[in-house]
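Undergrad: Provided below: coords_29.txt, containing compact mmCIF, C-alpha atoms and all ligand atoms.
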```
# COMPACT_ATOMS: atom_id res chain seq x y z
CA MET A 238 16.90 -13.37 25.20
CA LYS A 239 18.07 -9.86 24.34
CA LYS A 240 15.45 -7.23 25.22
CA LEU A 241 13.81 -5.73 22.13
CA CYS A 242 14.06 -1.97 21.69
CA GLY A 243 11.20 0.22 20.49
CA ALA A 244 10.98 1.03 16.78
CA LYS A 245 9.32 4.16 15.43
CA VAL A 246 8.45 5.94 12.18
CA THR A 247 10.57 9.06 11.93
CA ALA A 248 9.85 10.28 8.39
CA LEU A 249 7.37 9.79 5.55
CA GLY A 250 7.78 10.58 1.85
CA THR A 251 5.49 9.99 -1.12
CA TYR A 252 5.42 10.46 -4.86
CA VAL A 253 2.73 10.33 -7.53
CA PRO A 254 3.30 11.10 -11.20
CA PRO A 255 1.63 14.35 -12.33
CA ARG A 256 -0.40 12.90 -15.25
CA LEU A 257 -4.05 12.26 -14.40
CA LEU A 258 -6.45 9.65 -15.76
CA THR A 259 -9.94 10.83 -14.87
CA ASN A 260 -13.28 9.05 -14.97
CA ALA A 261 -14.13 11.27 -17.94
CA ASP A 262 -11.02 9.97 -19.76
CA LEU A 263 -12.07 6.37 -19.02
CA GLU A 264 -15.57 7.05 -20.36
CA LYS A 265 -13.88 7.59 -23.74
CA MET A 266 -11.82 4.38 -23.49
CA VAL A 267 -14.31 1.73 -22.25
CA GLU A 268 -18.04 1.40 -21.70
CA THR A 269 -18.32 2.98 -18.27
CA THR A 270 -19.60 6.11 -16.56
CA ASP A 271 -18.32 8.50 -13.94
CA GLU A 272 -21.45 7.67 -11.89
CA TRP A 273 -20.76 3.91 -11.93
CA ILE A 274 -17.10 4.28 -10.98
CA LEU A 275 -17.83 6.75 -8.17
CA ALA A 276 -20.74 4.77 -6.75
CA ARG A 277 -19.06 1.33 -6.93
CA THR A 278 -15.49 2.34 -5.94
CA GLY A 279 -15.30 5.98 -4.75
CA ILE A 280 -12.62 6.78 -7.37
CA SER A 281 -12.62 10.01 -9.43
CA GLN A 282 -9.10 10.01 -10.84
CA ARG A 283 -5.75 8.20 -10.75
CA HIS A 284 -2.16 9.32 -11.33
CA ILE A 285 -0.42 7.47 -14.17
CA VAL A 286 3.27 7.44 -15.12
CA ASP A 287 4.52 8.64 -18.46
CA LYS A 288 6.00 5.93 -20.66
CA GLY A 289 9.48 4.99 -19.48
CA MET A 290 8.97 5.76 -15.77
CA ALA A 291 9.13 2.56 -13.74
CA THR A 292 8.54 1.50 -10.14
CA SER A 293 12.12 2.18 -8.98
CA ALA A 294 11.96 5.78 -10.24
CA MET A 295 8.83 6.54 -8.21
CA ALA A 296 10.35 4.82 -5.16
CA VAL A 297 13.50 6.93 -5.51
CA GLU A 298 11.41 10.13 -5.51
CA ALA A 299 9.59 9.05 -2.32
CA VAL A 300 12.84 8.02 -0.61
CA ARG A 301 14.46 11.36 -1.53
CA VAL A 302 11.65 13.16 0.32
CA VAL A 303 12.34 11.01 3.40
CA LEU A 304 16.08 11.72 3.28
CA GLU A 305 15.56 15.46 2.79
CA LYS A 306 12.95 15.75 5.53
CA HIS A 307 15.15 13.92 7.98
CA GLY A 308 18.46 15.48 6.94
CA LEU A 309 19.95 12.05 6.28
CA LEU A 310 22.73 11.06 3.91
CA PRO A 311 21.90 8.06 1.70
CA THR A 312 24.94 6.28 3.14
CA GLN A 313 23.26 6.33 6.57
CA ILE A 314 20.53 3.93 5.32
CA GLU A 315 21.29 0.37 6.43
CA ALA A 316 18.52 -1.59 4.66
CA ILE A 317 15.78 -1.05 2.05
CA ILE A 318 12.71 -3.29 2.10
CA LEU A 319 10.60 -2.57 -0.98
CA ALA A 320 7.09 -3.89 -1.61
CA THR A 321 5.83 -4.13 -5.17
CA VAL A 322 3.98 -6.36 -7.63
CA THR A 323 5.32 -4.34 -10.55
CA PRO A 324 9.11 -4.55 -10.19
CA ASP A 325 11.15 -2.87 -12.95
CA MET A 326 12.26 -6.40 -13.88
CA LEU A 327 11.67 -9.84 -12.35
CA PHE A 328 15.24 -9.54 -11.13
CA PRO A 329 17.33 -7.83 -9.91
CA ALA A 330 15.18 -6.68 -7.01
CA THR A 331 13.83 -3.15 -7.32
CA ALA A 332 15.35 -2.50 -3.87
CA CYS A 333 18.79 -2.91 -5.52
CA LEU A 334 17.92 -0.39 -8.23
CA VAL A 335 16.75 2.10 -5.60
CA GLN A 336 19.86 1.52 -3.45
CA ASP A 337 22.06 2.31 -6.44
CA ARG A 338 20.06 5.34 -7.63
CA ILE A 339 20.03 7.03 -4.22
CA GLY A 340 23.65 6.09 -3.45
CA ALA A 341 22.93 4.10 -0.28
CA LYS A 342 26.37 2.48 -0.31
CA GLY A 343 26.68 -0.24 2.33
CA ALA A 344 22.92 -0.87 2.57
CA TRP A 345 21.30 -4.22 1.79
CA GLY A 346 17.69 -5.02 1.01
CA PHE A 347 15.17 -6.99 -0.96
CA ASP A 348 11.69 -6.90 -2.48
CA VAL A 349 8.50 -8.11 -0.81
CA SER A 350 5.70 -9.55 -2.94
CA ALA A 351 2.45 -9.29 -1.00
CA ALA A 352 0.35 -7.17 -3.37
CA CYS A 353 -1.88 -4.69 -1.52
CA SER A 354 -0.54 -5.85 1.87
CA GLY A 355 3.01 -5.36 0.61
CA PHE A 356 3.61 -2.08 2.39
CA LEU A 357 2.49 -3.47 5.76
CA TYR A 358 4.67 -6.56 5.29
CA ALA A 359 7.71 -4.45 4.32
CA LEU A 360 7.00 -2.12 7.23
CA GLN A 361 6.89 -4.94 9.80
CA THR A 362 10.04 -6.49 8.36
CA ALA A 363 11.81 -3.15 8.77
CA VAL A 364 10.44 -2.83 12.30
CA GLN A 365 11.81 -6.27 13.27
CA PHE A 366 15.33 -5.33 12.14
CA VAL A 367 15.21 -2.21 14.30
CA GLN A 368 13.56 -3.86 17.32
CA THR A 369 16.21 -6.59 17.42
CA GLY A 370 18.99 -4.01 17.27
CA ALA A 371 20.30 -5.37 13.94
CA HIS A 372 19.83 -1.99 12.23
CA LYS A 373 19.28 1.64 13.14
CA ARG A 374 17.91 3.10 9.91
CA VAL A 375 15.70 1.01 7.65
CA LEU A 376 13.51 2.19 4.78
CA ALA A 377 10.16 0.50 4.12
CA VAL A 378 8.96 1.40 0.64
CA GLY A 379 5.76 0.64 -1.31
CA SER A 380 5.83 1.43 -5.02
CA ASP A 381 3.64 0.19 -7.85
CA THR A 382 3.24 1.05 -11.52
CA MET A 383 -0.13 -0.64 -11.87
CA SER A 384 -0.67 1.01 -15.28
CA SER A 385 2.05 -1.31 -16.64
CA ILE A 386 -0.09 -4.43 -15.97
CA ILE A 387 -3.59 -3.11 -16.62
CA ASN A 388 -5.62 -3.92 -19.70
CA TYR A 389 -7.17 -0.58 -20.63
CA GLU A 390 -9.85 -2.44 -22.60
CA ASP A 391 -11.12 -4.24 -19.48
CA ARG A 392 -13.58 -1.93 -17.71
CA ALA A 393 -13.72 -4.19 -14.65
CA THR A 394 -10.08 -3.51 -13.73
CA CYS A 395 -8.88 -0.40 -15.59
CA VAL A 396 -11.08 1.97 -13.59
CA ILE A 397 -9.60 0.88 -10.27
CA PHE A 398 -5.82 1.16 -10.34
CA GLY A 399 -3.31 4.02 -10.29
CA ASP A 400 0.46 4.52 -9.87
CA GLY A 401 2.40 5.86 -6.88
CA ALA A 402 5.01 5.32 -4.20
CA GLY A 403 5.58 5.94 -0.51
CA ALA A 404 8.42 5.38 1.93
CA VAL A 405 8.93 5.56 5.67
CA LEU A 406 12.07 5.56 7.77
CA ILE A 407 12.14 3.27 10.80
CA GLU A 408 14.57 4.04 13.62
CA PRO A 409 15.05 2.96 17.25
CA ALA A 410 12.99 4.86 19.84
CA ALA A 411 14.38 6.20 23.12
CA GLU A 412 13.53 3.99 26.12
CA ASN A 413 10.52 6.00 27.34
CA ASP A 414 9.26 7.13 23.95
CA PRO A 415 5.61 5.99 23.62
CA ASN A 416 5.48 6.64 19.85
CA VAL A 417 6.43 3.14 18.76
CA PHE A 418 5.11 0.13 16.86
CA MET A 419 2.91 -1.80 19.27
CA ASP A 420 1.58 -4.93 17.58
CA PHE A 421 0.66 -6.50 14.26
CA ILE A 422 -1.20 -9.44 12.73
CA HIS A 423 -0.39 -10.85 9.31
CA GLU A 424 -2.19 -13.73 7.58
CA ILE A 425 -1.96 -15.32 4.16
CA ASP A 426 -4.56 -17.54 2.52
CA GLY A 427 -3.24 -18.98 -0.72
CA SER A 428 -6.56 -20.61 -1.54
CA GLY A 429 -7.59 -17.16 -2.81
CA GLY A 430 -4.74 -16.95 -5.32
CA CYS A 431 -6.97 -17.51 -8.35
CA ALA A 432 -9.23 -14.55 -7.47
CA LEU A 433 -6.63 -11.90 -8.27
CA ASN A 434 -3.45 -12.49 -10.23
CA MET A 435 -1.37 -11.89 -13.33
CA PRO A 436 -1.44 -15.33 -14.95
CA ALA A 437 1.63 -15.26 -17.23
CA GLY A 438 5.20 -14.04 -17.16
CA GLY A 439 6.37 -16.25 -14.31
CA SER A 440 7.88 -19.74 -14.38
CA ARG A 441 4.50 -21.46 -14.71
CA MET A 442 3.63 -19.68 -17.94
CA PRO A 443 6.62 -17.85 -19.39
CA ALA A 444 5.94 -15.05 -21.87
CA SER A 445 5.08 -16.27 -25.37
CA HIS A 446 3.14 -14.95 -28.35
CA GLU A 447 0.18 -16.93 -27.03
CA THR A 448 0.27 -15.39 -23.53
CA VAL A 449 0.47 -11.92 -25.06
CA ASP A 450 -2.38 -12.63 -27.51
CA LYS A 451 -4.51 -13.95 -24.65
CA LYS A 452 -3.79 -10.84 -22.55
CA MET A 453 -2.34 -12.90 -19.74
CA HIS A 454 0.21 -10.29 -18.67
CA PHE A 455 -2.51 -8.11 -17.19
CA VAL A 456 -4.35 -8.08 -13.85
CA HIS A 457 -7.17 -10.64 -13.76
CA GLN A 458 -9.66 -10.23 -10.94
CA ASP A 459 -12.83 -11.86 -9.71
CA GLY A 460 -13.99 -8.58 -8.22
CA GLN A 461 -16.87 -9.91 -6.15
CA ALA A 462 -14.82 -12.74 -4.59
CA VAL A 463 -12.07 -10.30 -3.58
CA PHE A 464 -14.65 -7.78 -2.38
CA LYS A 465 -16.37 -10.28 -0.08
CA TYR A 466 -13.10 -11.55 1.37
CA ALA A 467 -11.76 -8.00 1.87
CA VAL A 468 -14.92 -6.81 3.63
CA ARG A 469 -14.76 -9.74 6.07
CA LYS A 470 -11.02 -9.87 6.70
CA MET A 471 -10.18 -6.16 6.97
CA ALA A 472 -12.66 -5.78 9.80
CA GLU A 473 -11.83 -9.13 11.41
CA VAL A 474 -8.08 -8.64 11.60
CA SER A 475 -8.44 -5.04 12.81
CA GLU A 476 -10.89 -6.05 15.51
CA THR A 477 -8.67 -8.92 16.72
CA LEU A 478 -5.63 -6.65 16.89
CA LEU A 479 -7.48 -4.02 18.89
CA LEU A 480 -9.04 -6.58 21.24
CA ARG A 481 -5.80 -8.31 22.11
CA ASN A 482 -4.33 -4.90 23.02
CA GLY A 483 -7.29 -4.08 25.27
CA LEU A 484 -8.50 -1.41 22.84
CA SER A 485 -11.62 -0.67 20.84
CA GLY A 486 -12.41 1.61 17.91
CA LYS A 487 -13.03 4.57 20.21
CA ASP A 488 -9.39 4.52 21.39
CA ILE A 489 -8.05 4.90 17.85
CA ASP A 490 -7.18 8.37 16.56
CA LEU A 491 -6.97 7.34 12.93
CA PHE A 492 -7.81 4.26 10.82
CA VAL A 493 -5.61 4.19 7.71
CA PRO A 494 -6.69 1.26 5.52
CA HIS A 495 -5.54 0.05 2.13
CA GLN A 496 -7.51 1.98 -0.50
CA ALA A 497 -9.14 -0.66 -2.74
CA ASN A 498 -12.77 0.39 -2.60
CA ARG A 499 -14.59 3.03 -0.55
CA ARG A 500 -17.32 0.50 0.28
CA ILE A 501 -14.81 -2.00 1.73
CA ILE A 502 -13.30 0.71 3.93
CA MET A 503 -16.66 2.01 5.17
CA SER A 504 -17.84 -1.48 5.99
CA ALA A 505 -14.71 -2.14 8.12
CA ALA A 506 -15.06 1.27 9.79
CA GLU A 507 -18.69 0.54 10.65
CA ARG A 508 -17.81 -2.78 12.26
CA LEU A 509 -15.09 -1.06 14.31
CA HIS A 510 -17.59 1.68 15.33
CA LEU A 511 -15.30 4.34 13.89
CA PRO A 512 -16.82 7.72 13.00
CA GLU A 513 -16.06 8.95 9.47
CA GLU A 514 -13.65 11.64 10.70
CA LYS A 515 -11.30 8.94 12.03
CA VAL A 516 -11.17 7.09 8.71
CA VAL A 517 -8.67 8.14 6.05
CA ILE A 518 -10.05 7.77 2.51
CA ASN A 519 -8.15 9.26 -0.42
CA ILE A 520 -9.08 6.67 -3.05
CA GLY A 521 -11.03 9.37 -4.91
CA GLU A 522 -7.80 11.14 -5.78
CA PHE A 523 -5.36 8.23 -6.31
CA GLY A 524 -7.34 5.03 -7.00
CA ASN A 525 -5.82 1.76 -5.84
CA THR A 526 -2.02 2.11 -6.01
CA THR A 527 -1.46 -1.37 -4.46
CA ALA A 528 1.68 -1.15 -2.25
CA ALA A 529 1.57 2.65 -2.14
CA THR A 530 -1.95 3.24 -0.83
CA ILE A 531 -1.15 3.28 2.90
CA PRO A 532 1.78 5.73 2.77
CA LEU A 533 -0.22 7.93 0.37
CA ALA A 534 -3.15 7.86 2.80
CA LEU A 535 -0.84 8.71 5.72
CA GLU A 536 0.48 11.68 3.73
CA SER A 537 -3.06 12.87 2.90
CA ALA A 538 -3.94 12.73 6.62
CA ARG A 539 -0.73 14.57 7.54
CA LEU A 540 -1.44 17.30 5.00
CA ASP A 541 -5.02 17.84 6.16
CA GLY A 542 -3.84 18.05 9.80
CA ARG A 543 -5.43 14.78 10.94
CA LEU A 544 -2.18 12.83 11.47
CA LYS A 545 -0.07 14.13 14.34
CA LYS A 546 2.87 12.86 16.35
CA GLY A 547 1.64 10.63 19.19
CA ASP A 548 -1.63 9.62 17.48
CA LEU A 549 -2.75 6.00 17.89
CA ILE A 550 -3.00 4.63 14.36
CA LEU A 551 -4.49 1.43 13.01
CA LEU A 552 -3.30 0.35 9.55
CA ALA A 553 -5.06 -2.50 7.72
CA SER A 554 -4.91 -4.23 4.35
CA VAL A 555 -6.21 -7.11 2.27
CA GLY A 556 -4.67 -8.00 -1.07
CA ALA A 557 -3.96 -10.62 -3.71
CA GLY A 558 -2.69 -13.88 -2.32
CA PHE A 559 -4.79 -13.49 -0.29
CA THR A 560 -2.62 -11.41 2.04
CA VAL A 561 -3.98 -9.71 5.13
CA GLY A 562 -2.34 -7.33 7.59
CA ALA A 563 -3.03 -4.96 10.45
CA THR A 564 -0.58 -2.83 12.40
CA LEU A 565 -1.01 -0.77 15.55
CA LEU A 566 1.37 2.08 16.31
CA ARG A 567 1.73 5.53 17.76
CA TRP A 568 2.86 7.89 15.02
CA GLY A 569 6.43 9.05 15.63
CA ALA A 570 7.14 11.50 12.81
CA ASP A 571 6.45 15.24 12.62
O1 LIG B 1 -6.62 -4.08 -3.78
C1 LIG B 1 -6.66 -5.40 -4.19
C2 LIG B 1 -7.90 -6.02 -3.80
N1 LIG B 1 -8.95 -5.64 -4.72
C3 LIG B 1 -10.14 -5.30 -4.22
O2 LIG B 1 -10.31 -5.20 -3.04
C4 LIG B 1 -11.26 -5.10 -5.22
C5 LIG B 1 -12.51 -5.73 -4.69
N2 LIG B 1 -13.61 -5.64 -5.62
C6 LIG B 1 -14.26 -4.50 -5.90
O3 LIG B 1 -13.87 -3.45 -5.46
C7 LIG B 1 -15.51 -4.57 -6.75
O4 LIG B 1 -15.89 -5.92 -6.89
C8 LIG B 1 -15.36 -3.92 -8.15
C9 LIG B 1 -15.22 -2.42 -8.02
C10 LIG B 1 -14.15 -4.48 -8.88
C11 LIG B 1 -16.59 -4.22 -9.00
O5 LIG B 1 -17.75 -3.74 -8.34
P1 LIG B 1 -19.01 -4.68 -8.12
O6 LIG B 1 -20.03 -3.88 -7.46
O7 LIG B 1 -18.54 -5.93 -7.44
O8 LIG B 1 -19.45 -4.98 -9.60
P2 LIG B 1 -19.63 -6.38 -10.31
O9 LIG B 1 -18.31 -6.96 -10.67
O10 LIG B 1 -20.58 -7.23 -9.54
O11 LIG B 1 -20.34 -5.94 -11.63
C12 LIG B 1 -21.67 -5.42 -11.63
C13 LIG B 1 -22.03 -4.98 -13.05
C14 LIG B 1 -21.72 -6.01 -14.10
O12 LIG B 1 -22.71 -5.92 -15.10
P3 LIG B 1 -23.92 -6.96 -15.14
O13 LIG B 1 -23.31 -8.32 -15.30
O14 LIG B 1 -24.65 -6.79 -13.82
O15 LIG B 1 -24.72 -6.51 -16.32
C15 LIG B 1 -20.41 -5.57 -14.69
O16 LIG B 1 -20.23 -6.00 -16.00
O17 LIG B 1 -21.23 -3.82 -13.38
C16 LIG B 1 -20.56 -4.07 -14.62
N3 LIG B 1 -19.30 -3.35 -14.60
C17 LIG B 1 -19.20 -2.07 -14.98
N4 LIG B 1 -20.13 -1.19 -15.42
C18 LIG B 1 -19.70 0.04 -15.73
C19 LIG B 1 -18.09 -3.79 -14.22
N5 LIG B 1 -17.19 -2.80 -14.34
C20 LIG B 1 -17.85 -1.73 -14.83
C21 LIG B 1 -17.47 -0.42 -15.15
N6 LIG B 1 -18.41 0.44 -15.59
N7 LIG B 1 -16.20 0.02 -15.03
```
In structure tokens, how does this file's structure come out?
Ligand code: UT7
TA:
Amino acid sequence: MKKLCGAKVTALGTYVPPRLLTNADLEKMVETTDEWILARTGISQRHIVDKGMATSAMAVEAVRVVLEKHGLLPTQIEAIILATVTPDMLFPATACLVQDRIGAKGAWGFDVSAACSGFLYALQTAVQFVQTGAHKRVLAVGSDTMSSIINYEDRATCVIFGDGAGAVLIEPAAENDPNVFMDFIHEIDGSGGCALNMPAGGSRMPASHETVDKKMHFVHQDGQAVFKYAVRKMAEVSETLLLRNGLSGKDIDLFVPHQANRRIIMSAAERLHLPEEKVVINIGEFGNTTAATIPLALESARLDGRLKKGDLILLASVGAGFTVGATLLRWGAD
């Protein structure tokens, strides 16, 4: 078998729309309080798109940052793997819209549907293409316009989600470069599908007056069921990944988890014996942006000086599906 080459992250770009939806705004829209939202989720505000801006447009902004930072021409991109649960349309794939908008002529790509684990799944797919030598420059993108599928009369879901996008460039590493992707674990458990979904709009229940009247084109969530599963699996998958690499929490420089709920993150961090300074939490500022949370969290850590080239990073996620993921890498970008 051909020897695999190392794959590394060489650039990171993110985008959030400027408009804010604060807890104070939500207090005027549904029966809730800033205290409840902060205590139960850790969220203070979310960024929300203006009408007309869709998932591809945010992804394009994030990708442009990557290209500019890395001095790359769009035509040098060979593949675009884009994770989203809020594609511009059911088809064509949002990856195609992004490819066209940035002018990545010659690239191919596709969308990944894995909800909050979408970014990790897109990332690992990109990594495989580089490790096998099939491609030299692959974009992994997470972009979600959650505000387009949220019922702003449902206090149980509307306080949680926000909009945003993030992208990373994956390239081959030199032979002795230690800053590479090391290992990953992905799991899906479809028995949890009913706990978090958008019931209508697909082939099972196409859009009709009835589905609209019954508000079936919005996120439906059994919050407690998802919470319990997320608390258990985020820690479990992270611990297994560390163990099988001969590592423990103390070896990790930074834990960058999906941002669904501050309490889920802190519970995983506790089980991994990670001190708070090694845990990236930016949910307060962005809410849960589904496929964009991990790149947005990486960017927050980079900006506050906590994410540096060579750091040993553990990424972890749990999302609708259920989908679960954890990735271990040494950070390769500046
Ligand atoms: O990223 C995708 C994966 N998603 C997740 O990981 C989300 C996991 N779930 C959660 O984060 C939490 O379950 C929520 C934040 C969604 C809810 O928090 P909770 O502590 O599980 O609350 P709960 O659903 O058990 O509700 C407790 C109470 C209920 O009232 P009663 O029945 O006790 O009178 C709710 O009606 O809180 C009420 N409630 C609210 N009160 C004020 C629910 N939402 C709100 C609200 N403001 N926004």
Undergrad: Per residue of chain A within 7 Å of ligand LIG 1 (chain B), what are the shortest atom pair and its distance in Å to one decimal, counting only C-alpha atoms and all ligand atoms, with rows by chain and residue number, as JSON lines?
TA:
```
{"residue": "A:Glu268", "atom": "CA", "partner": "B:LIG1", "partner_atom": "N6", "distance": 6.2}
{"residue": "A:Thr269", "atom": "CA", "partner": "B:LIG1", "partner_atom": "N6", "distance": 3.7}
{"residue": "A:Thr270", "atom": "CA", "partner": "B:LIG1", "partner_atom": "N6", "distance": 5.9}
{"residue": "A:Trp273", "atom": "CA", "partner": "B:LIG1", "partner_atom": "C18", "distance": 5.5}
{"residue": "A:Ile274", "atom": "CA", "partner": "B:LIG1", "partner_atom": "N7", "distance": 5.9}
{"residue": "A:Arg277", "atom": "CA", "partner": "B:LIG1", "partner_atom": "O6", "distance": 5.3}
{"residue": "A:Thr278", "atom": "CA", "partner": "B:LIG1", "partner_atom": "C9", "distance": 5.2}
{"residue": "A:Cys353", "atom": "CA", "partner": "B:LIG1", "partner_atom": "O1", "distance": 5.3}
{"residue": "A:Arg392", "atom": "CA", "partner": "B:LIG1", "partner_atom": "N7", "distance": 4.2}
{"residue": "A:Ala393", "atom": "CA", "partner": "B:LIG1", "partner_atom": "N5", "distance": 3.8}
{"residue": "A:Thr394", "atom": "CA", "partner": "B:LIG1", "partner_atom": "C10", "distance": 6.4}
{"residue": "A:Val396", "atom": "CA", "partner": "B:LIG1", "partner_atom": "N7", "distance": 5.7}
{"residue": "A:Ile397", "atom": "CA", "partner": "B:LIG1", "partner_atom": "C9", "distance": 6.9}
{"residue": "A:Gly460", "atom": "CA", "partner": "B:LIG1", "partner_atom": "O4", "distance": 3.5}
{"residue": "A:Gln461", "atom": "CA", "partner": "B:LIG1", "partner_atom": "O4", "distance": 4.2}
{"residue": "A:Val463", "atom": "CA", "partner": "B:LIG1", "partner_atom": "C5", "distance": 4.7}
{"residue": "A:Phe464", "atom": "CA", "partner": "B:LIG1", "partner_atom": "C5", "distance": 3.8}
{"residue": "A:Ala467", "atom": "CA", "partner": "B:LIG1", "partner_atom": "O2", "distance": 5.8}
{"residue": "A:Gln496", "atom": "CA", "partner": "B:LIG1", "partner_atom": "O1", "distance": 6.9}
{"residue": "A:Ala497", "atom": "CA", "partner": "B:LIG1", "partner_atom": "O1", "distance": 4.4}
{"residue": "A:Asn498", "atom": "CA", "partner": "B:LIG1", "partner_atom": "O3", "distance": 4.9}
{"residue": "A:Asn525", "atom": "CA", "partner": "B:LIG1", "partner_atom": "O1", "distance": 6.2}
{"residue": "A:Thr527", "atom": "CA", "partner": "B:LIG1", "partner_atom": "O1", "distance": 5.9}
{"residue": "A:Val555", "atom": "CA", "partner": "B:LIG1", "partner_atom": "C2", "distance": 6.4}
{"residue": "A:Gly556", "atom": "CA", "partner": "B:LIG1", "partner_atom": "C1", "distance": 4.5}
{"residue": "A:Ala557", "atom": "CA", "partner": "B:LIG1", "partner_atom": "C1", "distance": 5.9}
```
Undergrad: Next, the residues of the selection above should be written as a PDB file, keeping the file's coordinate frame with C-alpha atoms.
TA:
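Wrote it out as result.pdb, contents follow:
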```
ATOM      1  CA  GLU A 268     -18.040   1.400 -21.700  1.00  0.00           C
ATOM      2  CA  THR A 269     -18.320   2.980 -18.270  1.00  0.00           C
ATOM      3  CA  THR A 270     -19.600   6.110 -16.560  1.00  0.00           C
ATOM      4  CA  TRP A 273     -20.760   3.910 -11.930  1.00  0.00           C
ATOM      5  CA  ILE A 274     -17.100   4.280 -10.980  1.00  0.00           C
ATOM      6  CA  ARG A 277     -19.060   1.330  -6.930  1.00  0.00           C
ATOM      7  CA  THR A 278     -15.490   2.340  -5.940  1.00  0.00           C
ATOM      8  CA  CYS A 353      -1.880  -4.690  -1.520  1.00  0.00           C
ATOM      9  CA  ARG A 392     -13.580  -1.930 -17.710  1.00  0.00           C
ATOM     10  CA  ALA A 393     -13.720  -4.190 -14.650  1.00  0.00           C
ATOM     11  CA  THR A 394     -10.080  -3.510 -13.730  1.00  0.00           C
ATOM     12  CA  VAL A 396     -11.080   1.970 -13.590  1.00  0.00           C
ATOM     13  CA  ILE A 397      -9.600   0.880 -10.270  1.00  0.00           C
ATOM     14  CA  GLY A 460     -13.990  -8.580  -8.220  1.00  0.00           C
ATOM     15  CA  GLN A 461     -16.870  -9.910  -6.150  1.00  0.00           C
ATOM     16  CA  VAL A 463     -12.070 -10.300  -3.580  1.00  0.00           C
ATOM     17  CA  PHE A 464     -14.650  -7.780  -2.380  1.00  0.00           C
ATOM     18  CA  ALA A 467     -11.760  -8.000   1.870  1.00  0.00           C
ATOM     19  CA  GLN A 496      -7.510   1.980  -0.500  1.00  0.00           C
ATOM     20  CA  ALA A 497      -9.140  -0.660  -2.740  1.00  0.00           C
ATOM     21  CA  ASN A 498     -12.770   0.390  -2.600  1.00  0.00           C
ATOM     22  CA  ASN A 525      -5.820   1.760  -5.840  1.00  0.00           C
ATOM     23  CA  THR A 527      -1.460  -1.370  -4.460  1.00  0.00           C
ATOM     24  CA  VAL A 555      -6.210  -7.110   2.270  1.00  0.00           C
ATOM     25  CA  GLY A 556      -4.670  -8.000  -1.070  1.00  0.00           C
ATOM     26  CA  ALA A 557      -3.960 -10.620  -3.710  1.00  0.00           C
TER      27      ALA A 557
END
```
Undergrad: Please, what distance in Å, to one decimal, runs between CA of Lys373 in chain A and CA of Ser475 in chain A?
TA: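 Calculated distance between CA of Lys373 in chain A and CA of Ser475 in chain A is 28.5 Å.
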Undergrad: Neighbours of Asp262 in chain A within 12 Å (all atoms listed in the file; same-chain residues fewer than 3 positions away dropped), as a ChimeraX atom specification?
TA: /A:256-259,265-271,281-283,389,395-396
Undergrad: Please compute the CA of Thr477 in chain A-CA of Glu514 in chain A distance, one decimal, in Å.
TA: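 Distance reported for this atom pair: 22.0 Å.
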Undergrad: Mind listing as JSON, numbers by chain all residues within 12 Å of (-0.5, -6.7, 4.2), counting all atoms listed in the file?
TA: {"A": [320, 321, 349, 350, 351, 352, 353, 354, 355, 356, 357, 358, 359, 360, 361, 362, 379, 421, 422, 423, 424, 425, 426, 467, 470, 471, 474, 475, 494, 495, 527, 528, 529, 530, 531, 552, 553, 554, 555, 556, 557, 558, 559, 560, 561, 562, 563, 564]}
Undergrad: For Val246 in chain A, please output as a PyMOL selection string all residues within 7 Å (counting all atoms listed in the file; exclusion window: fewer than 3 positions along the same chain).
TA: chain A and resi 405-408+568-570
Undergrad: Of the candidates A:Ile285, A:Val493, A:Ala437, A:Leu535, which one gets nearest to Val516 in chain A if we count all atoms listed in the file?
TA: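 Residue with the minimum atom-to-atom distance to Val516 in chain A: A:Val493.
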Undergrad: May I have the residues at most 12 Å from (14.7, 6.2, -4.6) in the file's coordinates, counting only C-alpha atoms, as a count of residues only?
TA: 43
